[in-house]
Amino acid sequence: MTKLPGKQMVVEALKREGVDVVFGFPGGAIIDVYDAMEKDGSIKHVLVRHEQGATHAADGYARATGKVGVCIATSGPGATNTVTGIATAYMDSIPMVVFTGQVPTSLIGNDAFQEVDIVGITRPCTKHNYLVKDVHKLPTILKEAFYIASSGRPGPVLIDLPKDIQNQVAEFDYPDKIKLRSYNPVVEPHTRQIERAFRLIEKSKQPIIYAGGGVIIANAHKELRKLAESIYAPVTMTLMGLGGFPGTHEQSLGMLGMHGTYCANMAMANTDLIIAVGARFDDRVTGKIEAFAPNASIIHIDIDPTSIQKNVKVDVPIVGDCRRALKKLVRVIEEDGRPQEVWKEKFQPWWDQIRAWEARHPLTYKKEPGVIKPQYVIEKLYELTKGKAIITTEVGQNQMWTAQFYKFDEPRTLLTSGGLGTMGYGFPAAIGAQMAFPNKLVVDVAGDGSIQMCIQEMATAMEQKLPVKIIILNNQFLGMVRQWQELFYDRRYAATEFSVTPDFVKLAEAYGAKGFRATKPEEVEDTLKKGLETDCLTIMEFAIAREEGVFPMVPAGKATTEMLLV
Amino acid sequence: MKHTLSVLVENEPGALSRITGLFSGRGFNIESLCVAPTLDHTMSHLTLVTSGDEYIIEQIIKQLNRLVDVYKVVDVSEGEFVEREMALIKVRAEDETRAEVLRMCDIFRCKVVDVSPKTYTIEVTGPESKLKAVMELLKPIGIKEITRTGTIAIQREKKTV
C-alpha cells in the first residue's frame, strides 16, 4: 500500500471515480490540492471567474452526462460562493461532489482569515457533508462522498479539507465498494405494490402518467415510453421531466402546472388515476392543493420515501428506482396480455375529451407586426436545431417559453433550475454541458436579467474555446416578476425595469466572442442562423415585445383549472 | 398527538445538528430531546418527543431516515413502552415549609439530594405526568429553580430498537 498526502489522495480518488474534468477557483486554503492536480496533470481543470459558476458548471456537466459533477473552491468566501449552486443541485437531485479548502485544524473556530463553517452552512442543502479532521479517514470519506452523491436520490456532497490535512500523509487504502450501515436506499420496488398498481390501472377509465425529473435521473425514459404506449395513456411532464418522454409523441400533453398546457392541467383535474413517476407534487404543479385532482387515485413511484405522501395522499406508494419499477409494471401488463388496441378502445372517450381540450386552447401566442415575440424565437430555434440541441435556461419567462415552445424529445437535453429557480444557472451549466459534449450544439436561453448574474463566465468559455450559444430575450425587464406585477399588483413595476442594460453585442466582442442582434421579426431567423453557425462563443440578442407574458398561467395559490389564457 | 421517537444515529460530529436542523428547517416541533451513546460507542440513542397528526409524524420519521447518519427510527409510542424523565427541583424550605416539602418527597418517592438552610434540592423521576404533579404541588411553596432531562423511553418486553 502506498502512503500519500491528503492532497494527492483527492487527485487519486478523482481518477478512480472516472472524473475527467473539474470546475473551480483556487485560493490559499486549497492551493495544495491544486498543486497536486497540476503535478499529476491528468485531470482537466476549468478555471471559472466566480465559484457560483463552478458549481453550476459541475451541475450542468452532471445533468448532461448522468455522471457526478465535481467542483473545487477555497475556504471562506470561496466556499460561501458555492452555496447557491449547491442548493440548486440539491433541489433538483443532481449528483455533485464539492471540495472546499478550510483553515488548518488548529485554527478552526478561531475566526481565522477566510474561515467559515461551510459544513454548518451547507448542512440543510447537501445530501451529506464532511469536515475532514483525520487524514486516515480521507480515503473512506472520498469514496463515501461519490457513492452517496450518485446513489439513491442523488444530491450534492461537500468535503471540507483543512489545509494541514491536505499535507498530512497516511496509507491510501481506497475501497472498491462501500457499505454504510445507516444508508441503504431502497432501489428494488415491492412486487406486490406493482401488482396493486396494475389493478388500479385496470379499473381506471381516465388515467394519466405524470412524469418528473426522476425519470431522467434514473434513465427510465425507454421504460416510461413502453408503459405509456402499452396502455395508451396520456403523458404530462413537469419542467424537470421534459425530455423524459418525447415532446413530439402523440400521447404527450406537454408540461403541466403553473405554466403548463390547458390540456395537461384539465386532464390532471379530471383524471381518475394519476401514475406519478419520479415527481414530487410540488406547489408549482398542484396549485391549490385542496382542489388538486379531486377524483383521482394515485400511484406514486419514487426512490425517496419522503416525496411520497408529503403533499398528497397516495393510494399505492412504490418506493424504488423508477426504471426498475417501470420495468416491473410493464412486465405485469405484458403478462396480462391485452394488446394496445384494447386499452386504446377503453380509453377512447377519455382521449376524445383530451383532444377537445387540446383543440379548445392549444399552446399559442399572438403575433404582432414589427415586434419580435419571444415564443417565435424559441419556435425558430427549435426548427433550426431540429430539436437536437442541448438547451439550458436561466429562470423566469425565458425558462417557461423554452419549456413550452421547444419540444424536447430526448432526456438530458433540457438543463434548467427547476426546484430552486436559480437565475444565473443557465450559462455556466451550458459551459459544463459543452465540456462534456464538445461537438454538440449547446444553447443557453436567457433573459437580459438573469444572463447578467453569471455573465463573468464569458471569459471561462472563451478560455476553454467553448462554442456555447447564448440567446438573450431582451425586454429590459425582470419579465416574470413584471408579469406578476401587471396581473396582481396593478401594474406597479417596483424594481423590475432596467433603465441600463449593456450593449450585449459589444459585450460579446469585448470578450472576443461574436454578437448578433435582431430587432425585427424578419431578422430572427437570419440572426439565429448566423449565430448558431459560428464556431465560438456567441451572443444572439433579440429585442422582444417588452410586456409579453407567459400563458397559460395558474395564479399562485389558485386551482390549476383557473388558468389565465392568452 | 404526542409521539415519542427512538432514533439510533451514528455517533459522528454534526449528527445531532443535522437532526435538530431538520426539525427547524421543516417546521416540525421538538418538545424534548435526550441523547447519549449506546453500549456500542459508535452509535447514539436519541429519544425525541414531538407532536403532529399522522401525516406529519410519517414525514418526520421518513425525513429522519433520509439523513445519512440515521440508522433507525422507531415510534415507540405506537406500542407499549416505558418512559422516564428526571427533574432536579430547588425548592424553598424555610421553617414553616421544611416538613411539608419532606412529606411531599415521601409521597412521591423523591430524593433530597442537597440541603441548605433555606432550600432543599430534590430529585424526582417518573413519567412526565408525575413530574408535572410534583411541580404543581411544590409551586405554592416556592420553586427557585428547576432542570429537567427530557424524556427517555424504551419499548416493553422483548422488543428492541
# chains A, B, ... in the order shown; residues from 1 in each chain; ligands from 1
call {"tool": "closest_atom_pairs", "arguments": {"of": "chain B", "to": "chain A", "cutoff": "6 Å", "atoms": "only C-alpha atoms", "output": "CSV"}}
result
residue,atom,partner,partner_atom,distance
B:Lys62,CA,A:Thr306,CA,5.4
B:Gln63,CA,A:Thr306,CA,6.0
B:Val68,CA,A:Tyr183,CA,5.3
B:Asp69,CA,A:Ser182,CA,5.8
B:Val70,CA,A:Ser182,CA,5.6
B:Tyr71,CA,A:Ser182,CA,4.1
call {"tool": "write_last_selection", "arguments": {"atoms": "N, CA, C and O atoms", "output": "mmCIF file, in the first residue's frame"}}
result
data_model
loop_
_atom_site.group_PDB
_atom_site.id
_atom_site.type_symbol
_atom_site.label_atom_id
_atom_site.label_comp_id
_atom_site.auth_asym_id
_atom_site.auth_seq_id
_atom_site.Cartn_x
_atom_site.Cartn_y
_atom_site.Cartn_z
ATOM 1 N N LYS B 62 -39.850 9.621 8.062
ATOM 2 C CA LYS B 62 -39.190 9.451 6.754
ATOM 3 C C LYS B 62 -38.014 10.410 6.599
ATOM 4 O O LYS B 62 -36.951 10.033 6.104
ATOM 5 N N GLN B 63 -38.231 11.657 7.001
ATOM 6 C CA GLN B 63 -37.154 12.645 6.843
ATOM 7 C C GLN B 63 -35.961 12.270 7.721
ATOM 8 O O GLN B 63 -34.815 12.427 7.306
ATOM 9 N N VAL B 68 -28.276 10.597 6.210
ATOM 10 C CA VAL B 68 -27.276 9.545 6.012
ATOM 11 C C VAL B 68 -26.825 8.967 7.347
ATOM 12 O O VAL B 68 -26.564 7.773 7.467
ATOM 13 N N ASP B 69 -26.751 9.795 8.397
ATOM 14 C CA ASP B 69 -26.253 9.331 9.692
ATOM 15 C C ASP B 69 -27.272 8.553 10.514
ATOM 16 O O ASP B 69 -26.907 7.969 11.533
ATOM 17 N N VAL B 70 -28.532 8.581 10.133
ATOM 18 C CA VAL B 70 -29.551 7.940 10.960
ATOM 19 C C VAL B 70 -29.657 6.460 10.599
ATOM 20 O O VAL B 70 -29.855 6.096 9.435
ATOM 21 N N TYR B 71 -29.521 5.612 11.621
ATOM 22 C CA TYR B 71 -29.535 4.164 11.387
ATOM 23 C C TYR B 71 -30.950 3.616 11.472
ATOM 24 O O TYR B 71 -31.361 2.799 10.653
#
call {"tool": "residues_around", "arguments": {"residues": "range 113-120 of chain B", "least_positions_apart": "5", "cutoff": "7 Å", "atoms": "only C-alpha atoms", "output": "VMD selection string"}}
result
chain B and resid 90 to 94
call {"tool": "write_last_selection", "arguments": {"atoms": "C-alpha atoms", "output": "short mmCIF file (atom, residue, chain, number, x, y, z; two decimals), in the first residue's frame"}}
result
data_model
loop_
_atom_site.label_atom_id
_atom_site.label_comp_id
_atom_site.auth_asym_id
_atom_site.auth_seq_id
_atom_site.Cartn_x
_atom_site.Cartn_y
_atom_site.Cartn_z
CA LYS B 90 -34.64 23.52 44.12
CA VAL B 91 -37.50 24.43 46.40
CA ARG B 92 -37.80 26.98 49.17
CA ALA B 93 -37.64 25.20 52.50
CA GLU B 94 -37.86 27.51 55.46
#
call {"tool": "atom_distance", "arguments": {"atom1": "CA of Gly52 in chain B", "atom2": "CA of Met1 in chain B"}}
result
5.5 Å
call {"tool": "atom_distance", "arguments": {"atom1": "CA of Gly418 in chain A", "atom2": "CA of Ala64 in chain A"}}
result
15.1 Å
call {"tool": "residues_around", "arguments": {"residues": "range 123-128 of chain B", "least_positions_apart": "2", "cutoff": "6 Å", "atoms": "only C-alpha atoms", "output": "list in words"}}
result
Glu83, Arg84, Glu85, Met86, Ala87, Leu88, Cys110, Lys111, Lys130 and Leu131 of chain B
call {"tool": "atom_distance", "arguments": {"atom1": "CA of Leu420 in chain A", "atom2": "CA of Thr88 in chain A"}}
result
5.3 Å
call {"tool": "select_by_dssp", "arguments": {"residues": "range 159-369 of chain A", "states": "helix (DSSP H, G or I)", "output": "number ranges by chain"}}
result
A: 163-167, 191-203, 213-217, 221-231, 262-270, 283-286, 289-291, 305-307, 322-336, 340-346, 348-360
call {"tool": "write_last_selection", "arguments": {"atoms": "C-alpha atoms", "output": "PDB file, in the first residue's frame"}}
result
ATOM      1  CA  LYS A 163      -5.011  22.894   4.878  1.00  0.00           C
ATOM      2  CA  ASP A 164      -2.949  20.757   7.262  1.00  0.00           C
ATOM      3  CA  ILE A 165      -4.936  17.635   6.361  1.00  0.00           C
ATOM      4  CA  GLN A 166      -4.083  18.223   2.694  1.00  0.00           C
ATOM      5  CA  ASN A 167      -0.422  17.846   3.604  1.00  0.00           C
ATOM      6  CA  THR A 191     -43.655  -6.689  -6.423  1.00  0.00           C
ATOM      7  CA  ARG A 192     -46.959  -6.692  -4.546  1.00  0.00           C
ATOM      8  CA  GLN A 193     -47.198  -2.924  -4.839  1.00  0.00           C
ATOM      9  CA  ILE A 194     -46.632  -3.192  -8.588  1.00  0.00           C
ATOM     10  CA  GLU A 195     -49.490  -5.667  -8.813  1.00  0.00           C
ATOM     11  CA  ARG A 196     -51.724  -3.354  -6.791  1.00  0.00           C
ATOM     12  CA  ALA A 197     -50.801  -0.548  -9.163  1.00  0.00           C
ATOM     13  CA  PHE A 198     -51.796  -2.654 -12.139  1.00  0.00           C
ATOM     14  CA  ARG A 199     -55.188  -3.382 -10.612  1.00  0.00           C
ATOM     15  CA  LEU A 200     -55.796   0.366 -10.291  1.00  0.00           C
ATOM     16  CA  ILE A 201     -54.787   0.869 -13.933  1.00  0.00           C
ATOM     17  CA  GLU A 202     -57.195  -1.876 -14.946  1.00  0.00           C
ATOM     18  CA  LYS A 203     -60.050  -0.214 -13.082  1.00  0.00           C
ATOM     19  CA  GLY A 213     -37.147  14.575 -13.164  1.00  0.00           C
ATOM     20  CA  GLY A 214     -36.754  11.154 -11.541  1.00  0.00           C
ATOM     21  CA  VAL A 215     -37.401   9.562 -14.933  1.00  0.00           C
ATOM     22  CA  ILE A 216     -34.370  11.338 -16.358  1.00  0.00           C
ATOM     23  CA  ILE A 217     -32.147  10.761 -13.328  1.00  0.00           C
ATOM     24  CA  HIS A 221     -37.224   7.171 -20.463  1.00  0.00           C
ATOM     25  CA  LYS A 222     -37.409   3.995 -22.558  1.00  0.00           C
ATOM     26  CA  GLU A 223     -39.364   2.168 -19.884  1.00  0.00           C
ATOM     27  CA  LEU A 224     -41.693   5.132 -19.444  1.00  0.00           C
ATOM     28  CA  ARG A 225     -42.406   5.188 -23.149  1.00  0.00           C
ATOM     29  CA  LYS A 226     -43.099   1.465 -23.086  1.00  0.00           C
ATOM     30  CA  LEU A 227     -45.563   1.847 -20.243  1.00  0.00           C
ATOM     31  CA  ALA A 228     -47.324   4.788 -21.898  1.00  0.00           C
ATOM     32  CA  GLU A 229     -47.574   3.064 -25.242  1.00  0.00           C
ATOM     33  CA  SER A 230     -48.619  -0.324 -23.963  1.00  0.00           C
ATOM     34  CA  ILE A 231     -51.688   1.074 -22.174  1.00  0.00           C
ATOM     35  CA  TYR A 262     -54.513  23.896 -20.778  1.00  0.00           C
ATOM     36  CA  CYS A 263     -54.969  20.315 -21.826  1.00  0.00           C
ATOM     37  CA  ALA A 264     -52.492  18.883 -19.293  1.00  0.00           C
ATOM     38  CA  ASN A 265     -53.996  20.820 -16.400  1.00  0.00           C
ATOM     39  CA  MET A 266     -57.558  19.919 -17.388  1.00  0.00           C
ATOM     40  CA  ALA A 267     -56.582  16.270 -17.742  1.00  0.00           C
ATOM     41  CA  MET A 268     -54.950  16.297 -14.294  1.00  0.00           C
ATOM     42  CA  ALA A 269     -58.055  17.891 -12.798  1.00  0.00           C
ATOM     43  CA  ASN A 270     -60.375  15.289 -14.320  1.00  0.00           C
ATOM     44  CA  ASP A 283     -46.735  23.515  -5.442  1.00  0.00           C
ATOM     45  CA  ARG A 284     -45.985  24.740  -8.965  1.00  0.00           C
ATOM     46  CA  VAL A 285     -47.614  21.529 -10.229  1.00  0.00           C
ATOM     47  CA  THR A 286     -50.560  21.097  -7.887  1.00  0.00           C
ATOM     48  CA  ILE A 289     -53.723  21.535  -3.042  1.00  0.00           C
ATOM     49  CA  GLU A 290     -57.323  21.119  -1.840  1.00  0.00           C
ATOM     50  CA  ALA A 291     -58.576  21.433  -5.414  1.00  0.00           C
ATOM     51  CA  PRO A 305     -39.904   7.813   0.557  1.00  0.00           C
ATOM     52  CA  THR A 306     -40.168  11.394   1.850  1.00  0.00           C
ATOM     53  CA  SER A 307     -41.525  12.506  -1.533  1.00  0.00           C
ATOM     54  CA  CYS A 322     -38.083   4.446 -11.378  1.00  0.00           C
ATOM     55  CA  ARG A 323     -36.511   2.341 -14.087  1.00  0.00           C
ATOM     56  CA  ARG A 324     -36.854  -0.918 -12.195  1.00  0.00           C
ATOM     57  CA  ALA A 325     -40.391  -0.078 -11.102  1.00  0.00           C
ATOM     58  CA  LEU A 326     -41.481   0.764 -14.653  1.00  0.00           C
ATOM     59  CA  LYS A 327     -39.829  -2.385 -15.979  1.00  0.00           C
ATOM     60  CA  LYS A 328     -41.744  -4.483 -13.477  1.00  0.00           C
ATOM     61  CA  LEU A 329     -45.001  -2.704 -14.208  1.00  0.00           C
ATOM     62  CA  VAL A 330     -44.571  -3.175 -17.949  1.00  0.00           C
ATOM     63  CA  ARG A 331     -43.884  -6.871 -17.345  1.00  0.00           C
ATOM     64  CA  VAL A 332     -47.129  -7.223 -15.388  1.00  0.00           C
ATOM     65  CA  ILE A 333     -49.002  -5.521 -18.240  1.00  0.00           C
ATOM     66  CA  GLU A 334     -47.356  -7.800 -20.786  1.00  0.00           C
ATOM     67  CA  GLU A 335     -48.248 -10.860 -18.743  1.00  0.00           C
ATOM     68  CA  ASP A 336     -51.828  -9.651 -18.630  1.00  0.00           C
ATOM     69  CA  GLN A 340     -52.631  -1.822 -27.081  1.00  0.00           C
ATOM     70  CA  GLU A 341     -55.858  -1.664 -29.146  1.00  0.00           C
ATOM     71  CA  VAL A 342     -57.909  -2.939 -26.225  1.00  0.00           C
ATOM     72  CA  TRP A 343     -56.576  -0.215 -23.931  1.00  0.00           C
ATOM     73  CA  LYS A 344     -56.932   2.356 -26.674  1.00  0.00           C
ATOM     74  CA  GLU A 345     -60.569   1.492 -27.113  1.00  0.00           C
ATOM     75  CA  LYS A 346     -61.159   1.534 -23.388  1.00  0.00           C
ATOM     76  CA  GLN A 348     -61.181   6.360 -26.239  1.00  0.00           C
ATOM     77  CA  PRO A 349     -63.799   8.584 -24.517  1.00  0.00           C
ATOM     78  CA  TRP A 350     -61.027   9.971 -22.310  1.00  0.00           C
ATOM     79  CA  TRP A 351     -58.860  10.688 -25.327  1.00  0.00           C
ATOM     80  CA  ASP A 352     -61.788  12.365 -27.105  1.00  0.00           C
ATOM     81  CA  GLN A 353     -62.148  14.684 -24.142  1.00  0.00           C
ATOM     82  CA  ILE A 354     -58.389  15.367 -24.105  1.00  0.00           C
ATOM     83  CA  ARG A 355     -58.305  16.152 -27.813  1.00  0.00           C
ATOM     84  CA  ALA A 356     -61.233  18.529 -27.333  1.00  0.00           C
ATOM     85  CA  TRP A 357     -59.296  20.395 -24.600  1.00  0.00           C
ATOM     86  CA  GLU A 358     -56.271  20.488 -26.870  1.00  0.00           C
ATOM     87  CA  ALA A 359     -58.303  21.960 -29.694  1.00  0.00           C
ATOM     88  CA  ARG A 360     -60.023  24.494 -27.438  1.00  0.00           C
TER      89      ARG A 360
END
call {"tool": "closest_residue", "arguments": {"among": "B:Arg18, B:Thr149, B:Pro140, B:Ile89", "to": "Ile122 in chain B", "atoms": "only C-alpha atoms"}}
result
B:Ile89
call {"tool": "residues_around", "arguments": {"residues": "range 372-378 of chain A", "least_positions_apart": "2", "cutoff": "7 Å", "atoms": "only C-alpha atoms", "output": "MDAnalysis selection string"}}
result
chainID A and resid 367 370 380:382 401:402 405:406 473 519:521 524 543:545
call {"tool": "residues_around", "arguments": {"residues": "range 25-34 of chain B", "least_positions_apart": "3", "cutoff": "9 Å", "atoms": "only C-alpha atoms", "output": "CSV table (one decimal) with all heavy atoms, in the first residue's frame"}}
result
chain,number,residue,atom,x,y,z
A,124,PRO,N,-28.1,22.0,5.6
A,124,PRO,CA,-29.5,21.8,5.0
A,124,PRO,C,-29.6,21.8,3.5
A,124,PRO,O,-30.7,21.5,3.0
A,124,PRO,CB,-30.2,23.1,5.5
A,124,PRO,CG,-29.3,23.9,6.3
A,124,PRO,CD,-27.9,23.4,6.1
B,2,LYS,N,-49.1,13.5,20.8
B,2,LYS,CA,-47.7,13.4,21.2
B,2,LYS,C,-47.1,12.1,20.8
B,2,LYS,O,-47.8,11.1,20.9
B,2,LYS,CB,-47.6,13.6,22.7
B,2,LYS,CG,-46.4,14.4,23.1
B,2,LYS,CD,-46.5,14.7,24.6
B,2,LYS,CE,-45.8,13.6,25.4
B,2,LYS,NZ,-45.6,14.0,26.8
B,20,THR,N,-31.6,18.3,14.6
B,20,THR,CA,-32.3,19.5,15.0
B,20,THR,C,-32.5,20.5,13.9
B,20,THR,O,-33.6,21.1,13.8
B,20,THR,CB,-31.5,20.2,16.2
B,20,THR,OG1,-30.2,20.4,15.7
B,20,THR,CG2,-31.5,19.4,17.4
B,21,GLY,N,-31.5,20.5,12.9
B,21,GLY,CA,-31.7,21.4,11.8
B,21,GLY,C,-32.9,20.9,10.9
B,21,GLY,O,-33.6,21.8,10.4
B,22,LEU,N,-33.0,19.6,10.8
B,22,LEU,CA,-34.2,19.1,10.0
B,22,LEU,C,-35.5,19.6,10.6
B,22,LEU,O,-36.4,20.0,9.9
B,22,LEU,CB,-34.1,17.6,10.0
B,22,LEU,CG,-35.3,16.8,9.5
B,22,LEU,CD1,-35.0,16.6,8.0
B,22,LEU,CD2,-35.6,15.6,10.2
B,45,HIS,N,-28.1,6.9,21.0
B,45,HIS,CA,-29.6,6.7,21.1
B,45,HIS,C,-30.2,8.0,21.5
B,45,HIS,O,-29.8,8.7,22.4
B,45,HIS,CB,-29.9,5.6,22.2
B,45,HIS,CG,-31.4,5.3,22.2
B,45,HIS,ND1,-31.9,4.0,22.3
B,45,HIS,CD2,-32.5,6.1,22.2
B,45,HIS,CE1,-33.2,4.0,22.3
B,45,HIS,NE2,-33.6,5.3,22.2
B,46,LEU,N,-31.2,8.4,20.7
B,46,LEU,CA,-31.8,9.7,20.9
B,46,LEU,C,-33.3,9.5,21.1
B,46,LEU,O,-33.9,8.7,20.4
B,46,LEU,CB,-31.5,10.4,19.6
B,46,LEU,CG,-31.7,11.9,19.4
B,46,LEU,CD1,-30.6,12.4,18.5
B,46,LEU,CD2,-33.0,12.1,18.6
B,47,THR,N,-33.8,10.0,22.2
B,47,THR,CA,-35.2,10.0,22.4
B,47,THR,C,-35.8,11.4,22.1
B,47,THR,O,-35.3,12.4,22.7
B,47,THR,CB,-35.6,9.6,23.8
B,47,THR,OG1,-34.9,8.4,24.1
B,47,THR,CG2,-37.1,9.3,24.0
B,48,LEU,N,-36.8,11.4,21.3
B,48,LEU,CA,-37.3,12.7,20.8
B,48,LEU,C,-38.8,12.7,21.0
B,48,LEU,O,-39.5,11.8,20.5
B,48,LEU,CB,-36.9,12.8,19.3
B,48,LEU,CG,-36.9,14.2,18.7
B,48,LEU,CD1,-35.9,14.2,17.6
B,48,LEU,CD2,-38.3,14.5,18.1
B,49,VAL,N,-39.3,13.7,21.7
B,49,VAL,CA,-40.8,13.8,21.8
B,49,VAL,C,-41.2,14.9,20.9
B,49,VAL,O,-40.7,16.0,20.9
B,49,VAL,CB,-41.2,14.1,23.3
B,49,VAL,CG1,-42.7,14.2,23.4
B,49,VAL,CG2,-40.7,13.0,24.2
B,50,THR,N,-42.2,14.6,20.1
B,50,THR,CA,-42.7,15.5,19.1
B,50,THR,C,-44.2,15.4,19.0
B,50,THR,O,-44.8,14.5,19.7
B,50,THR,CB,-42.0,15.3,17.7
B,50,THR,OG1,-42.5,16.3,16.8
B,50,THR,CG2,-42.4,13.9,17.2
B,51,SER,N,-44.8,16.3,18.3
B,51,SER,CA,-46.3,16.2,18.1
B,51,SER,C,-46.7,16.5,16.7
B,51,SER,O,-46.0,17.2,16.0
B,51,SER,CB,-47.0,17.2,19.1
B,51,SER,OG,-46.5,18.5,18.9
B,52,GLY,N,-47.9,16.0,16.3
B,52,GLY,CA,-48.4,16.3,15.0
B,52,GLY,C,-49.4,15.2,14.6
B,52,GLY,O,-49.4,14.1,15.3
B,56,ILE,N,-47.9,14.2,9.6
B,56,ILE,CA,-46.6,14.9,10.0
B,56,ILE,C,-45.7,13.9,10.6
B,56,ILE,O,-44.5,13.9,10.3
B,56,ILE,CB,-47.0,16.1,11.0
B,56,ILE,CG1,-47.7,17.2,10.2
B,56,ILE,CG2,-45.8,16.6,11.7
B,56,ILE,CD1,-48.2,18.3,11.0
B,60,ILE,N,-41.9,13.1,9.5
B,60,ILE,CA,-40.8,13.2,10.4
B,60,ILE,C,-40.0,11.9,10.4
B,60,ILE,O,-38.8,12.0,10.3
B,60,ILE,CB,-41.3,13.5,11.9
B,60,ILE,CG1,-41.9,14.9,11.9
B,60,ILE,CG2,-40.2,13.3,12.9
B,60,ILE,CD1,-42.5,15.3,13.3
B,149,THR,N,-34.4,16.5,32.4
B,149,THR,CA,-33.6,15.8,31.5
B,149,THR,C,-34.3,15.7,30.1
B,149,THR,O,-33.6,15.4,29.1
B,149,THR,CB,-33.3,14.4,32.0
B,149,THR,OG1,-34.6,13.7,32.2
B,149,THR,CG2,-32.5,14.4,33.2
B,150,GLY,N,-35.6,15.8,30.1
B,150,GLY,CA,-36.3,15.4,28.9
B,150,GLY,C,-36.6,13.9,29.0
B,150,GLY,O,-35.9,13.2,29.7
B,151,THR,N,-37.5,13.4,28.2
B,151,THR,CA,-38.0,12.1,28.3
B,151,THR,C,-37.0,11.1,27.7
B,151,THR,O,-36.5,11.4,26.6
B,151,THR,CB,-39.4,11.9,27.6
B,151,THR,OG1,-40.3,12.8,28.3
B,151,THR,CG2,-39.9,10.5,27.7
B,152,ILE,N,-36.8,9.9,28.3
B,152,ILE,CA,-36.2,8.8,27.7
B,152,ILE,C,-37.2,7.7,27.7
B,152,ILE,O,-38.0,7.6,28.5
B,152,ILE,CB,-34.8,8.3,28.3
B,152,ILE,CG1,-35.0,8.1,29.8
B,152,ILE,CG2,-33.7,9.3,28.0
B,152,ILE,CD1,-33.8,7.3,30.4
call {"tool": "select_by_dssp", "arguments": {"residues": "range 3-154 of chain B", "states": "strand (DSSP E or B)", "output": "count of residues only"}}
result
63
